[in-house]
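First comes the structure, then the notes that go with it.
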Amino acid sequence: MRLEDKVALITGAGSGIGRQAAALFAREGAAVTVVDIDEYAGAETVQGIEEAGGKAVFVRADVSEADDVRNMIDQAEKTFGKLNVLFNNAGIMHGDDADAISTSEEIWERTLSINLKGVFYGCKFGIPALQRAGGGAVINTASFVALMGAATPQIAYTASKGGVVAMSRELAVIHAREGIRVNALCPGPLRTKLLMDYLDTEEKKQRRLVHVPMGRFGEAFEVAQAALFLASEESSFITGTELVIDGGITAAYVTPQ
Ligand code: NAD
């Protein structure tokens, strides 16, 4: 097993990438602290893991609140004795997030406080726990929009994800000699609630798929597998990088029809 005797914490684990990663990490031997703002969804993830014979506990936290994030790290350490893998994955995409002219300050603040400050808090309170464990892996979920611009803009979301990539890179350098690796994930469009709620008509979905060389949305599980690689010893010499899981979007100038 690839995460035997490891303890992992995953935010946004009530749905999508986080839920798939929680189940996968548990199958690979990790004890998992499942964190979400949605208690019902988080409890369901834990139930699924326990039914499959894995170990998990749910802690409710809003990642934009410092006290909640401090508490989720404390709970993980108290419950399982240490923390080896920190997966800062929770994020939102607001339907009213558009260009700089029309996006309200409120949407900007809300998006940045969850998607960027939430990752900062995760690192602020989580990295000391990894230090206490003698090292570990941090994985921060960014997006392919951190790497290229979109004509259909979500300016707050894009800015937040660019910040996640830059912050991850710098933290990787700072903590490299402590045995702590920090990497960012850059998924392309996925068939999860977050994006399907946003692309709420068939026309909008097809419009987005025009740009994906593989011609389909990615699955949350495909990103979870990339997160598992970054969490495990298989990526032991990889730090400060962005792992792109995007069906070829960032490689394409023109996509095949
Ligand atoms: P999802 O909506 O399926 O899951 C996100 C989870 O985060 C939900 O369970 C939600 O309750 C939780 N959450 C939201 N706000 C929170 C908060 N303040 N505190 C704690 N938990 C909170 O979405 P997903 O597609 O699995 O997205 C996970 C991550 O992947 C996000 O950071 C997202 O930006 C990123 N991402 C998604 C896509 C995509 O196409 N879906 C592409 C690139 C990156």
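Ordered as shown in the structure tokens, chains take letters A, B, and onward, while each chain numbers its residues from 1 and ligands are numbered from 1 in the order shown.
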
Within 9 Å of A:Arg27, counting only C-alpha atoms, which residues show up once you throw out same-chain ones fewer than 6 positions away? Write them as a tab-separated table (two decimals) with N, CA, C and O atoms, in the first residue's frame, please.
```
chain	number	residue	atom	x	y	z
A	1	MET	N	0.83	-1.20	0.00
A	1	MET	CA	0.00	0.00	0.00
A	1	MET	C	0.87	1.26	0.00
A	1	MET	O	1.90	1.30	0.64
A	3	LEU	N	0.29	4.38	1.07
A	3	LEU	CA	0.26	5.33	2.19
A	3	LEU	C	0.14	4.60	3.53
A	3	LEU	O	-0.50	5.09	4.47
A	49	ILE	N	-15.85	5.39	3.69
A	49	ILE	CA	-14.51	4.86	3.98
A	49	ILE	C	-14.60	3.74	5.02
A	49	ILE	O	-13.98	2.68	4.86
A	52	ALA	N	-15.85	0.51	3.75
A	52	ALA	CA	-14.85	-0.20	2.94
A	52	ALA	C	-13.69	-0.72	3.80
A	52	ALA	O	-12.70	-1.23	3.27
A	53	GLY	N	-13.80	-0.52	5.13
A	53	GLY	CA	-12.78	-1.06	6.04
A	53	GLY	C	-11.65	-0.09	6.34
A	53	GLY	O	-10.64	-0.47	6.94
A	54	GLY	N	-11.80	1.19	5.93
A	54	GLY	CA	-10.75	2.18	6.16
A	54	GLY	C	-10.97	2.98	7.44
A	54	GLY	O	-11.99	2.82	8.12
```

### Query
Within 7 Å of ligand 1, counting only C-alpha atoms and all ligand atoms: which residues, as a PyMOL selection string?
chain A and resi 11-18+35-38+41+61-64+89-93+114-115+141-144+186-195+220

- If you run DSSP on the backbone, which residues of stretch 12-236 of chain A are alpha helix (DSSP H), as a ChimeraX atom specification? /A:16-27,39-51,66-80,105-115,117-132,155-175,193-198,202-209,220-231

Exercise. May I ask for the distance between atom CA of A:Leu147 and atom CA of A:Gly122, given in Å to one decimal place?
Key: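 Taking atom CA of A:Leu147 as the start and atom CA of A:Gly122 as the end point, the length is 22.6 Å.
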
Within 6 Å of A:Ala184, counting only C-alpha atoms, which residues qualify if same-chain residues fewer than 4 places away don't, as number ranges by chain? A: 139-141, 165, 242

- prompt: Between A:Ala166, A:Val244, A:Ile10, A:Ile73, which one has atoms that come closest to A:Val46, using only C-alpha atoms?
  reply: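 Comparing A:Ala166, A:Val244, A:Ile10, A:Ile73 against A:Val46, the winner is A:Ile10.
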
May I have the residues within 12 Å of A:Thr239 as number ranges by chain, using only C-alpha atoms and disregarding those fewer than 6 positions away in the same chain? A: 136-140, 165, 168-177, 179-185, 230-231, 233

Review point. Which residues come within 9 Å of A:Glu65, counting only C-alpha atoms, excluding same-chain residues fewer than 5 positions away, as a ChimeraX atom specification?
Key: /A:70,113-114,117-118,121

Please produce a file of those selected residues containing C-alpha atoms, as a PDB file, in the first residue's frame.
```pdb
ATOM      1  CA  ARG A  70      -6.242  25.439  13.671  1.00  0.00           C
ATOM      2  CA  SER A 113     -10.787  34.107   1.352  1.00  0.00           C
ATOM      3  CA  ILE A 114     -11.736  30.465   0.665  1.00  0.00           C
ATOM      4  CA  LYS A 117      -6.482  32.415   2.333  1.00  0.00           C
ATOM      5  CA  GLY A 118      -7.886  28.955   3.073  1.00  0.00           C
ATOM      6  CA  TYR A 121      -4.269  28.931   6.779  1.00  0.00           C
TER       7      TYR A 121
END
```
